[in-house]
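Shown next: entry10.cif, given as mmCIF, C-alpha atoms.
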data_entry
#
loop_
_atom_site.group_PDB
_atom_site.id
_atom_site.type_symbol
_atom_site.label_atom_id
_atom_site.label_comp_id
_atom_site.auth_asym_id
_atom_site.auth_seq_id
_atom_site.Cartn_x
_atom_site.Cartn_y
_atom_site.Cartn_z
ATOM 1 C CA MET A 1 0.000 0.000 0.000
ATOM 2 C CA LYS A 2 1.264 3.457 -0.902
ATOM 3 C CA GLY A 3 1.756 6.174 1.682
ATOM 4 C CA LYS A 4 0.114 9.595 1.605
ATOM 5 C CA LEU A 5 1.331 13.101 0.858
ATOM 6 C CA TYR A 6 0.150 15.574 3.505
ATOM 7 C CA LEU A 7 0.127 19.288 2.663
ATOM 8 C CA ILE A 8 0.983 21.020 5.933
ATOM 9 C CA PRO A 9 0.340 24.752 6.482
ATOM 10 C CA THR A 10 2.661 26.617 8.838
ATOM 11 C CA PRO A 11 2.256 29.878 10.816
ATOM 12 C CA LEU A 12 2.460 33.181 8.944
ATOM 13 C CA GLY A 13 4.727 34.588 11.629
ATOM 14 C CA PRO A 14 6.604 33.567 14.794
ATOM 15 C CA LEU A 15 5.963 30.084 16.167
ATOM 16 C CA GLU A 16 4.424 31.661 19.257
ATOM 17 C CA SER A 17 1.272 32.134 17.171
ATOM 18 C CA ILE A 18 0.970 28.473 16.200
ATOM 19 C CA GLU A 19 -1.851 27.577 18.606
ATOM 20 C CA LYS A 20 -3.930 30.362 17.087
ATOM 21 C CA VAL A 21 -3.713 29.079 13.527
ATOM 22 C CA GLN A 22 -3.061 25.338 13.551
ATOM 23 C CA PRO A 23 -5.446 22.650 14.843
ATOM 24 C CA SER A 24 -3.868 20.283 17.373
ATOM 25 C CA TYR A 25 -5.087 17.453 15.124
ATOM 26 C CA ASN A 26 -2.472 18.447 12.549
ATOM 27 C CA SER A 27 0.359 18.052 15.024
ATOM 28 C CA SER A 28 -0.616 15.225 17.349
ATOM 29 C CA ILE A 29 -2.389 12.957 14.867
ATOM 30 C CA ILE A 30 -0.628 13.644 11.568
ATOM 31 C CA ILE A 31 2.671 15.538 11.670
ATOM 32 C CA HIS A 32 4.073 13.690 14.686
ATOM 33 C CA THR A 33 3.891 10.407 12.769
ATOM 34 C CA ILE A 34 5.830 11.623 9.713
ATOM 35 C CA ASP A 35 9.602 11.329 9.408
ATOM 36 C CA THR A 36 10.111 12.590 5.839
ATOM 37 C CA PHE A 37 9.381 16.183 4.832
ATOM 38 C CA ILE A 38 9.681 18.098 1.585
ATOM 39 C CA VAL A 39 10.595 21.669 2.524
ATOM 40 C CA GLU A 40 11.665 24.962 1.010
ATOM 41 C CA GLN A 41 14.360 25.606 3.623
ATOM 42 C CA VAL A 42 15.599 22.948 6.049
ATOM 43 C CA ARG A 43 16.384 25.471 8.786
ATOM 44 C CA THR A 44 12.820 26.811 8.862
ATOM 45 C CA ALA A 45 11.366 23.304 8.799
ATOM 46 C CA ARG A 46 13.537 22.114 11.680
ATOM 47 C CA ARG A 47 12.472 25.124 13.753
ATOM 48 C CA PHE A 48 8.797 24.446 13.012
ATOM 49 C CA LEU A 49 8.997 20.750 13.915
ATOM 50 C CA SER A 50 10.884 21.528 17.116
ATOM 51 C CA GLY A 51 8.244 24.134 17.953
ATOM 52 C CA ILE A 52 5.437 21.564 17.771
ATOM 53 C CA ASN A 53 7.468 19.088 19.845
ATOM 54 C CA HIS A 54 7.873 16.485 17.126
ATOM 55 C CA PRO A 55 8.604 13.230 18.988
ATOM 56 C CA ILE A 56 11.163 11.993 16.466
ATOM 57 C CA PRO A 57 14.645 13.467 17.032
ATOM 58 C CA ILE A 58 15.288 16.137 14.415
ATOM 59 C CA ASP A 59 18.507 14.449 13.294
ATOM 60 C CA HIS A 60 16.512 11.311 12.484
ATOM 61 C CA ILE A 61 14.090 13.149 10.196
ATOM 62 C CA SER A 62 14.695 13.268 6.435
ATOM 63 C CA PHE A 63 14.433 16.667 4.748
ATOM 64 C CA LEU A 64 14.204 17.064 0.981
ATOM 65 C CA GLU A 65 14.654 20.654 -0.212
ATOM 66 C CA LEU A 66 12.396 22.050 -2.918
ATOM 67 C CA ASN A 67 13.158 25.599 -4.015
ATOM 68 C CA LYS A 68 14.453 27.557 -6.999
ATOM 69 C CA HIS A 69 17.873 25.916 -6.628
ATOM 70 C CA THR A 70 16.523 22.351 -6.752
ATOM 71 C CA ASP A 71 17.417 20.318 -9.827
ATOM 72 C CA GLN A 72 14.037 19.255 -11.182
ATOM 73 C CA SER A 73 15.436 15.833 -12.047
ATOM 74 C CA GLU A 74 15.888 15.215 -8.306
ATOM 75 C CA VAL A 75 12.215 15.844 -7.552
ATOM 76 C CA TYR A 76 11.139 12.577 -9.179
ATOM 77 C CA SER A 77 12.775 10.656 -6.324
ATOM 78 C CA TYR A 78 11.180 12.747 -3.552
ATOM 79 C CA LEU A 79 8.124 10.499 -3.324
ATOM 80 C CA ASP A 80 10.035 7.216 -3.271
ATOM 81 C CA SER A 81 9.281 6.569 0.399
ATOM 82 C CA ALA A 82 5.551 7.101 -0.221
ATOM 83 C CA MET A 83 5.670 4.547 -3.020
ATOM 84 C CA LYS A 84 7.003 2.110 -0.400
ATOM 85 C CA GLY A 85 4.246 2.883 2.120
ATOM 86 C CA GLY A 86 5.645 5.807 4.102
ATOM 87 C CA ASN A 87 3.816 9.081 4.612
ATOM 88 C CA ILE A 88 5.435 12.354 3.528
ATOM 89 C CA GLY A 89 4.754 15.919 4.657
ATOM 90 C CA LEU A 90 5.039 18.920 2.340
ATOM 91 C CA LEU A 91 5.805 22.034 4.399
ATOM 92 C CA SER A 92 5.420 25.643 3.316
ATOM 93 C CA GLU A 93 7.829 28.318 4.534
ATOM 94 C CA ALA A 94 4.810 30.236 5.792
ATOM 95 C CA GLY A 95 1.139 29.624 5.215
ATOM 96 C CA THR A 96 -0.373 27.125 2.808
ATOM 97 C CA PRO A 97 1.712 24.837 0.577
ATOM 98 C CA CYS A 98 1.390 25.225 -3.206
ATOM 99 C CA ILE A 99 -0.294 28.652 -3.083
ATOM 100 C CA ALA A 100 2.358 31.195 -4.152
ATOM 101 C CA ASP A 101 4.721 28.378 -3.195
ATOM 102 C CA PRO A 102 6.860 25.888 -5.182
ATOM 103 C CA GLY A 103 5.160 22.717 -3.911
ATOM 104 C CA SER A 104 2.710 22.160 -6.769
ATOM 105 C CA VAL A 105 5.252 20.191 -8.817
ATOM 106 C CA VAL A 106 5.392 17.553 -6.074
ATOM 107 C CA VAL A 107 1.611 17.390 -5.757
ATOM 108 C CA LYS A 108 1.245 16.908 -9.510
ATOM 109 C CA LEU A 109 3.814 14.116 -9.356
ATOM 110 C CA ALA A 110 1.897 12.479 -6.505
ATOM 111 C CA HIS A 111 -1.254 12.399 -8.619
ATOM 112 C CA ILE A 112 0.677 10.872 -11.510
ATOM 113 C CA LYS A 113 2.061 8.183 -9.201
ATOM 114 C CA GLY A 114 -1.334 7.461 -7.649
ATOM 115 C CA ILE A 115 -0.359 8.754 -4.197
ATOM 116 C CA GLN A 116 -3.224 10.186 -2.133
ATOM 117 C CA VAL A 117 -2.850 13.922 -1.492
ATOM 118 C CA ILE A 118 -4.342 15.243 1.764
ATOM 119 C CA PRO A 119 -4.460 19.018 2.421
ATOM 120 C CA LEU A 120 -4.538 19.969 6.101
ATOM 121 C CA VAL A 121 -6.332 22.989 7.517
ATOM 122 C CA GLY A 122 -4.244 26.063 8.258
ATOM 123 C CA PRO A 123 -3.629 29.759 7.562
ATOM 124 C CA ASN A 124 -3.650 31.197 4.046
ATOM 125 C CA SER A 125 -2.900 34.901 3.823
ATOM 126 C CA ILE A 126 -4.620 35.340 0.460
ATOM 127 C CA LEU A 127 -7.969 33.941 1.579
ATOM 128 C CA LEU A 128 -7.795 35.588 5.004
ATOM 129 C CA ALA A 129 -7.223 38.957 3.349
ATOM 130 C CA LEU A 130 -10.058 38.427 0.881
ATOM 131 C CA MET A 131 -12.430 37.340 3.656
ATOM 132 C CA ALA A 132 -11.759 40.508 5.635
ATOM 133 C CA SER A 133 -11.566 42.969 2.736
ATOM 134 C CA GLY A 134 -15.244 43.491 2.018
ATOM 135 C CA LEU A 135 -14.431 43.150 -1.696
ATOM 136 C CA ASN A 136 -15.937 40.657 -4.154
ATOM 137 C CA GLY A 137 -15.308 37.147 -2.847
ATOM 138 C CA GLN A 138 -17.311 35.455 -5.625
ATOM 139 C CA ASN A 139 -15.060 36.539 -8.471
ATOM 140 C CA PHE A 140 -11.379 37.159 -7.808
ATOM 141 C CA LEU A 141 -7.971 36.646 -9.400
ATOM 142 C CA PHE A 142 -4.610 36.123 -7.699
ATOM 143 C CA HIS A 143 -1.645 37.495 -9.659
ATOM 144 C CA GLY A 144 1.197 36.559 -7.338
ATOM 145 C CA TYR A 145 4.062 39.046 -7.685
ATOM 146 C CA LEU A 146 3.651 41.918 -10.146
ATOM 147 C CA PRO A 147 6.417 43.151 -12.492
ATOM 148 C CA ILE A 148 9.151 45.231 -10.856
ATOM 149 C CA GLU A 149 10.102 47.585 -13.701
ATOM 150 C CA ARG A 150 8.261 50.875 -13.185
ATOM 151 C CA ASN A 151 6.688 51.389 -16.616
ATOM 152 C CA ILE A 152 5.663 47.749 -16.985
ATOM 153 C CA LEU A 153 4.198 47.786 -13.465
ATOM 154 C CA ALA A 154 2.212 50.951 -14.198
ATOM 155 C CA LYS A 155 0.666 49.391 -17.299
ATOM 156 C CA TYR A 156 -0.052 46.157 -15.411
ATOM 157 C CA LEU A 157 -1.816 48.037 -12.626
ATOM 158 C CA LYS A 158 -3.956 49.962 -15.111
ATOM 159 C CA ASP A 159 -4.851 46.726 -16.876
ATOM 160 C CA ILE A 160 -5.927 44.878 -13.735
ATOM 161 C CA GLU A 161 -7.838 47.929 -12.527
ATOM 162 C CA SER A 162 -9.689 47.994 -15.847
ATOM 163 C CA ASN A 163 -10.388 44.258 -15.644
ATOM 164 C CA SER A 164 -11.621 44.682 -12.094
ATOM 165 C CA LYS A 165 -14.261 47.181 -13.171
ATOM 166 C CA ARG A 166 -15.223 45.335 -16.348
ATOM 167 C CA LYS A 167 -15.585 41.939 -14.658
ATOM 168 C CA SER A 168 -16.471 43.091 -11.136
ATOM 169 C CA GLN A 169 -13.456 41.047 -10.080
ATOM 170 C CA THR A 170 -11.188 41.507 -7.057
ATOM 171 C CA GLN A 171 -7.519 41.607 -8.061
ATOM 172 C CA ILE A 172 -5.126 40.151 -5.464
ATOM 173 C CA PHE A 173 -1.340 40.417 -5.453
ATOM 174 C CA ILE A 174 1.660 40.385 -3.151
ATOM 175 C CA GLU A 175 5.085 41.983 -3.042
ATOM 176 C CA THR A 176 8.434 41.254 -1.463
ATOM 177 C CA PRO A 177 8.039 42.879 1.989
ATOM 178 C CA TYR A 178 10.886 45.372 1.620
ATOM 179 C CA ARG A 179 9.219 46.743 -1.556
ATOM 180 C CA ASN A 180 5.724 47.154 -0.071
ATOM 181 C CA ASN A 181 5.934 50.908 0.399
ATOM 182 C CA GLN A 182 7.096 51.438 -3.164
ATOM 183 C CA MET A 183 4.281 49.225 -4.438
ATOM 184 C CA LEU A 184 1.704 51.328 -2.598
ATOM 185 C CA LYS A 185 3.169 54.506 -4.090
ATOM 186 C CA SER A 186 2.885 52.960 -7.546
ATOM 187 C CA ILE A 187 -0.743 51.979 -6.935
ATOM 188 C CA ILE A 188 -1.869 55.410 -5.777
ATOM 189 C CA SER A 189 -0.003 57.142 -8.608
ATOM 190 C CA VAL A 190 -1.626 54.978 -11.296
ATOM 191 C CA CYS A 191 -5.083 53.934 -10.113
ATOM 192 C CA SER A 192 -8.260 56.017 -9.994
ATOM 193 C CA ILE A 193 -9.056 57.727 -6.706
ATOM 194 C CA ASP A 194 -12.376 55.877 -6.402
ATOM 195 C CA THR A 195 -10.841 52.400 -6.770
ATOM 196 C CA ASN A 196 -11.110 50.318 -3.601
ATOM 197 C CA LEU A 197 -7.822 49.080 -2.173
ATOM 198 C CA CYS A 198 -7.449 46.714 0.769
ATOM 199 C CA ILE A 199 -4.069 46.448 2.473
ATOM 200 C CA ALA A 200 -3.765 43.396 4.730
ATOM 201 C CA THR A 201 -0.565 43.277 6.780
ATOM 202 C CA ASP A 202 0.866 40.835 9.345
ATOM 203 C CA LEU A 203 -2.138 38.521 9.114
ATOM 204 C CA THR A 204 -2.819 36.387 12.239
ATOM 205 C CA LEU A 205 -0.154 38.288 14.213
ATOM 206 C CA SER A 206 -0.648 40.702 17.114
ATOM 207 C CA THR A 207 0.326 43.530 14.731
ATOM 208 C CA GLU A 208 -2.296 42.547 12.147
ATOM 209 C CA SER A 209 -3.851 45.376 10.140
ATOM 210 C CA ILE A 210 -6.586 44.990 7.498
ATOM 211 C CA LYS A 211 -8.068 48.161 6.038
ATOM 212 C CA THR A 212 -10.073 48.863 2.889
ATOM 213 C CA LYS A 213 -10.237 52.431 1.597
ATOM 214 C CA THR A 214 -10.427 54.159 -1.750
ATOM 215 C CA VAL A 215 -7.135 55.058 -3.398
ATOM 216 C CA GLY A 216 -8.043 58.696 -2.784
ATOM 217 C CA GLU A 217 -8.371 58.037 0.946
ATOM 218 C CA TRP A 218 -5.080 56.138 1.071
ATOM 219 C CA LYS A 219 -3.322 59.116 -0.543
ATOM 220 C CA LYS A 220 -4.075 61.212 2.539
ATOM 221 C CA SER A 221 -2.089 58.924 4.849
ATOM 222 C CA LEU A 222 0.283 56.199 3.680
ATOM 223 C CA PRO A 223 1.010 53.343 6.116
ATOM 224 C CA ASP A 224 4.536 52.056 6.642
ATOM 225 C CA MET A 225 4.578 48.414 5.550
ATOM 226 C CA ASN A 226 8.315 48.027 5.143
ATOM 227 C CA LYS A 227 9.369 44.405 5.728
ATOM 228 C CA LYS A 228 5.845 43.403 6.800
ATOM 229 C CA PRO A 229 4.173 40.536 4.877
ATOM 230 C CA THR A 230 1.310 42.191 3.000
ATOM 231 C CA VAL A 231 -1.503 41.264 0.639
ATOM 232 C CA PHE A 232 -2.942 43.900 -1.706
ATOM 233 C CA LEU A 233 -6.530 43.623 -2.982
ATOM 234 C CA LEU A 234 -7.921 45.980 -5.587
ATOM 235 C CA CYS A 235 -11.479 46.303 -6.882
ATOM 236 C CA ARG A 236 -13.071 49.153 -8.819
ATOM 237 C CA ASP A 237 -16.849 49.399 -8.686
#

Rewritten as structure tokens:
Amino acid sequence: MKGKLYLIPTPLGPLESIEKVQPSYNSSIIIHTIDTFIVEQVRTARRFLSGINHPIPIDHISFLELNKHTDQSEVYSYLDSAMKGGNIGLLSEAGTPCIADPGSVVVKLAHIKGIQVIPLVGPNSILLALMASGLNGQNFLFHGYLPIERNILAKYLKDIESNSKRKSQTQIFIETPYRNNQMLKSIISVCSIDTNLCIATDLTLSTESIKTKTVGEWKKSLPDMNKKPTVFLLCRD
């Protein structure tokens, strides 16, 4: 019998917040029984497993790295233990695996190999932000990271703003935290003053902030989001 591939969400911030966002079922019933994990960074994964008091000594746990430096030819062997009956955990760096995360290649491979894929409940910054934004939750589009180059970004923002109005569709995107402030400046310089913009920062943390205002209202007072994980949601009525 083949093992299973568990998709394991992790906290969006410090491990101190783990009880707030992760059901004990994930840890005590599932994660504590797994000794092989596919991870983006081994250091982060070891810290997470230690934080949930994994009963298996960390040095006895197998970690398989999956990130932009991973040779794709190596990935085909990552599910070998599941083919032999062992369960494997796929860990995100923060939040939900495979959403704005490199794990989807492993999940696709699991389906090809006939390995059962089981997603566990946990925090997802994109959905949390959408839930709390007050914007259209029936029709939305996640863009991931937008272009960096100024002129290309400006055109992209105008295009998604236009699509938002035409389709009544919430546009969702993220930015590298140290570029958040510059992204906001780009948005307010390009988008119409009556376009709705939600800025969701530090989700699930004690410093969490989720506010929806028009671009015109944001222009009056710009928040400092430097180095704070942030989700941007845009919708023009």

For this session: Check what the PyMOL selection byres ((chain A and resi 51-64) around 6) selects in the file above and give those residues as a PyMOL selection string.
Result: chain A and resi 32+35-38+48-50+65

Exercise. Pick the closest to Ala82 (chain A) from A:Lys2, A:Lys113, A:Arg43, A:Lys213: which is it, counting all atoms listed in the file?
Worked result: A:Lys2

Exercise. So which one's closest to Lys20 (chain A), A:Leu146, A:Ala129, A:Gly122, A:Lys158? Using all atoms listed in the file, please.
Worked result: A:Gly122

Exercise. Where does the PyMOL selection byres ((chain A and resi 68) around 12) land in this file, that is, which residues does it pick, as a VMD selection string?
Worked result: chain A and resid 39 to 41 65 to 67 69 to 72 75 101 to 103 105

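Distance check against Pro223 (chain A) using all atoms listed in the file: of A:Asn181, A:Cys198, A:Ile148, A:Lys165, the minimum falls on A:Asn181.
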